[in-house]
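Below is one structure, written out as structure tokens; comments come after it.
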Amino acid sequence: MGMERPMTSAERVAKRRAALRAQGLRPKTFWLPDTSTPEFRARAEASTAWLWERASEEEQAMAFVEAMTDDLLADLDRREAEG
């Protein structure tokens, strides 16, 4: 009647993955752009400019896109400043 040995982190992960597989799920790795790089910012700004050039008649929609881009970039700046 000894105490049960606590599970190691590897055992907990294996148990969790087995439970997820039993639910019909499978592991998948996703590679996403690094939003903290100057290259990402440049591409976001270039994409917005490209859209404005091609859809100037859709001013309301483009204003929304630009506002969302500005919000995203401001949020990234805040997160970067926080460390």
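Each chain in the structure tokens gets a letter, A, B and so on, in the order shown; residues start at 1 in every chain, and ligands are counted from 1 in the order they appear.
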Tell me which protein, DNA and RNA residues are within 10 Å of Glu80 in chain A, counting only C-alpha atoms, leaving out same-chain ones fewer than 5 positions away, and put them as a PyMOL selection string.
chain A and resi 35-36+74-75
Exercise: Arg41 in chain A partners within 12 Å, only C-alpha atoms, chain neighbours under 5 positions left out, as a PDB file with all heavy atoms, in the first residue's frame:
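Done, and the output landed in result_20.pdb:
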ATOM      1  N   PRO A  33       4.264  33.161 -39.555  1.00  0.00           N
ATOM      2  CA  PRO A  33       5.228  34.261 -39.706  1.00  0.00           C
ATOM      3  C   PRO A  33       5.611  34.835 -38.349  1.00  0.00           C
ATOM      4  O   PRO A  33       4.790  34.897 -37.433  1.00  0.00           O
ATOM      5  CB  PRO A  33       4.473  35.301 -40.526  1.00  0.00           C
ATOM      6  CG  PRO A  33       3.310  34.597 -41.111  1.00  0.00           C
ATOM      7  CD  PRO A  33       3.003  33.435 -40.233  1.00  0.00           C
ATOM      8  N   ASP A  34       6.863  35.254 -38.235  1.00  0.00           N
ATOM      9  CA  ASP A  34       7.334  35.910 -37.019  1.00  0.00           C
ATOM     10  C   ASP A  34       6.914  37.366 -37.100  1.00  0.00           C
ATOM     11  O   ASP A  34       7.517  38.162 -37.817  1.00  0.00           O
ATOM     12  CB  ASP A  34       8.852  35.781 -36.906  1.00  0.00           C
ATOM     13  CG  ASP A  34       9.402  36.389 -35.628  1.00  0.00           C
ATOM     14  OD1 ASP A  34       8.625  37.014 -34.870  1.00  0.00           O
ATOM     15  OD2 ASP A  34      10.608  36.244 -35.382  1.00  0.00           O
ATOM     16  N   THR A  35       5.885  37.716 -36.356  1.00  0.00           N
ATOM     17  CA  THR A  35       5.301  39.054 -36.450  1.00  0.00           C
ATOM     18  C   THR A  35       6.148  40.126 -35.783  1.00  0.00           C
ATOM     19  O   THR A  35       5.821  41.303 -35.861  1.00  0.00           O
ATOM     20  CB  THR A  35       3.898  39.071 -35.830  1.00  0.00           C
ATOM     21  OG1 THR A  35       3.984  38.633 -34.469  1.00  0.00           O
ATOM     22  CG2 THR A  35       2.955  38.153 -36.599  1.00  0.00           C
ATOM     23  N   SER A  36       7.249  39.728 -35.155  1.00  0.00           N
ATOM     24  CA  SER A  36       8.091  40.721 -34.476  1.00  0.00           C
ATOM     25  C   SER A  36       9.225  41.238 -35.357  1.00  0.00           C
ATOM     26  O   SER A  36      10.000  42.080 -34.929  1.00  0.00           O
ATOM     27  CB  SER A  36       8.672  40.122 -33.191  1.00  0.00           C
ATOM     28  OG  SER A  36       9.569  39.066 -33.506  1.00  0.00           O
ATOM     29  N   ALA A  46       3.172  46.911 -47.135  1.00  0.00           N
ATOM     30  CA  ALA A  46       3.154  46.786 -48.596  1.00  0.00           C
ATOM     31  C   ALA A  46       1.834  46.175 -49.072  1.00  0.00           C
ATOM     32  O   ALA A  46       1.277  46.595 -50.089  1.00  0.00           O
ATOM     33  CB  ALA A  46       4.332  45.945 -49.081  1.00  0.00           C
ATOM     34  N   SER A  47       1.328  45.204 -48.326  1.00  0.00           N
ATOM     35  CA  SER A  47       0.054  44.583 -48.692  1.00  0.00           C
ATOM     36  C   SER A  47      -1.086  45.592 -48.619  1.00  0.00           C
ATOM     37  O   SER A  47      -1.963  45.619 -49.489  1.00  0.00           O
ATOM     38  CB  SER A  47      -0.251  43.405 -47.768  1.00  0.00           C
ATOM     39  OG  SER A  47       0.683  42.372 -47.963  1.00  0.00           O
ATOM     40  N   THR A  48      -1.073  46.409 -47.585  1.00  0.00           N
ATOM     41  CA  THR A  48      -2.102  47.435 -47.455  1.00  0.00           C
ATOM     42  C   THR A  48      -2.022  48.425 -48.621  1.00  0.00           C
ATOM     43  O   THR A  48      -3.046  48.776 -49.222  1.00  0.00           O
ATOM     44  CB  THR A  48      -1.961  48.176 -46.111  1.00  0.00           C
ATOM     45  OG1 THR A  48      -2.075  47.215 -45.057  1.00  0.00           O
ATOM     46  CG2 THR A  48      -3.030  49.237 -45.947  1.00  0.00           C
ATOM     47  N   THR A  69      -4.809  46.885 -39.848  1.00  0.00           N
ATOM     48  CA  THR A  69      -3.360  46.766 -39.967  1.00  0.00           C
ATOM     49  C   THR A  69      -2.671  47.663 -38.945  1.00  0.00           C
ATOM     50  O   THR A  69      -1.737  47.242 -38.261  1.00  0.00           O
ATOM     51  CB  THR A  69      -2.895  47.127 -41.394  1.00  0.00           C
ATOM     52  OG1 THR A  69      -3.542  46.248 -42.320  1.00  0.00           O
ATOM     53  CG2 THR A  69      -1.396  46.984 -41.548  1.00  0.00           C
ATOM     54  N   ASP A  70      -3.159  48.894 -38.826  1.00  0.00           N
ATOM     55  CA  ASP A  70      -2.576  49.815 -37.842  1.00  0.00           C
ATOM     56  C   ASP A  70      -2.718  49.260 -36.424  1.00  0.00           C
ATOM     57  O   ASP A  70      -1.782  49.333 -35.628  1.00  0.00           O
ATOM     58  CB  ASP A  70      -3.245  51.189 -37.931  1.00  0.00           C
ATOM     59  CG  ASP A  70      -2.878  51.939 -39.199  1.00  0.00           C
ATOM     60  OD1 ASP A  70      -1.905  51.544 -39.874  1.00  0.00           O
ATOM     61  OD2 ASP A  70      -3.581  52.922 -39.524  1.00  0.00           O
ATOM     62  N   LEU A  72      -3.017  46.098 -35.557  1.00  0.00           N
ATOM     63  CA  LEU A  72      -2.119  44.943 -35.428  1.00  0.00           C
ATOM     64  C   LEU A  72      -0.691  45.400 -35.178  1.00  0.00           C
ATOM     65  O   LEU A  72      -0.018  44.912 -34.267  1.00  0.00           O
ATOM     66  CB  LEU A  72      -2.178  44.074 -36.694  1.00  0.00           C
ATOM     67  CG  LEU A  72      -1.122  42.979 -36.793  1.00  0.00           C
ATOM     68  CD1 LEU A  72      -1.345  41.924 -35.721  1.00  0.00           C
ATOM     69  CD2 LEU A  72      -1.113  42.366 -38.167  1.00  0.00           C
ATOM     70  N   LEU A  73      -0.220  46.351 -35.975  1.00  0.00           N
ATOM     71  CA  LEU A  73       1.162  46.813 -35.828  1.00  0.00           C
ATOM     72  C   LEU A  73       1.365  47.529 -34.491  1.00  0.00           C
ATOM     73  O   LEU A  73       2.408  47.365 -33.851  1.00  0.00           O
ATOM     74  CB  LEU A  73       1.536  47.710 -37.004  1.00  0.00           C
ATOM     75  CG  LEU A  73       1.565  47.000 -38.366  1.00  0.00           C
ATOM     76  CD1 LEU A  73       1.845  47.993 -39.476  1.00  0.00           C
ATOM     77  CD2 LEU A  73       2.561  45.861 -38.390  1.00  0.00           C
ATOM     78  N   ALA A  74       0.375  48.277 -34.029  1.00  0.00           N
ATOM     79  CA  ALA A  74       0.475  48.941 -32.721  1.00  0.00           C
ATOM     80  C   ALA A  74       0.531  47.904 -31.602  1.00  0.00           C
ATOM     81  O   ALA A  74       1.306  48.043 -30.651  1.00  0.00           O
ATOM     82  CB  ALA A  74      -0.699  49.888 -32.515  1.00  0.00           C
ATOM     83  N   ASP A  75      -0.276  46.854 -31.724  1.00  0.00           N
ATOM     84  CA  ASP A  75      -0.262  45.792 -30.723  1.00  0.00           C
ATOM     85  C   ASP A  75       1.085  45.089 -30.701  1.00  0.00           C
ATOM     86  O   ASP A  75       1.630  44.788 -29.636  1.00  0.00           O
ATOM     87  CB  ASP A  75      -1.383  44.789 -30.996  1.00  0.00           C
ATOM     88  CG  ASP A  75      -1.485  43.735 -29.919  1.00  0.00           C
ATOM     89  OD1 ASP A  75      -1.593  44.111 -28.737  1.00  0.00           O
ATOM     90  OD2 ASP A  75      -1.457  42.532 -30.254  1.00  0.00           O
ATOM     91  N   LEU A  76       1.647  44.836 -31.875  1.00  0.00           N
ATOM     92  CA  LEU A  76       2.966  44.200 -31.951  1.00  0.00           C
ATOM     93  C   LEU A  76       4.032  45.094 -31.312  1.00  0.00           C
ATOM     94  O   LEU A  76       4.912  44.604 -30.605  1.00  0.00           O
ATOM     95  CB  LEU A  76       3.325  43.886 -33.407  1.00  0.00           C
ATOM     96  CG  LEU A  76       2.461  42.821 -34.075  1.00  0.00           C
ATOM     97  CD1 LEU A  76       2.815  42.720 -35.551  1.00  0.00           C
ATOM     98  CD2 LEU A  76       2.614  41.482 -33.391  1.00  0.00           C
ATOM     99  N   ASP A  77       3.938  46.399 -31.545  1.00  0.00           N
ATOM    100  CA  ASP A  77       4.882  47.335 -30.927  1.00  0.00           C
ATOM    101  C   ASP A  77       4.775  47.282 -29.403  1.00  0.00           C
ATOM    102  O   ASP A  77       5.784  47.269 -28.702  1.00  0.00           O
ATOM    103  CB  ASP A  77       4.633  48.766 -31.410  1.00  0.00           C
ATOM    104  CG  ASP A  77       5.107  48.996 -32.830  1.00  0.00           C
ATOM    105  OD1 ASP A  77       5.937  48.201 -33.325  1.00  0.00           O
ATOM    106  OD2 ASP A  77       4.641  49.974 -33.450  1.00  0.00           O
TER     107      ASP A  77
END
Can you list, as an MDAnalysis selection string, every residue of chain A that DSSP puts in alpha helix (DSSP H)?
chainID A and resid 9:22 38:54 59:82
Separating CA of Glu11 in chain A from CA of Pro27 in chain A, to the nearest tenth of an Å, is a gap of 16.5 Å
Distance query Ala49 in chain A at most 12 Å, only C-alpha atoms, self and fewer than 3 positions along chain excluded, as a ChimeraX atom specification
/A:42-46,52-56,62-63,65-66,69
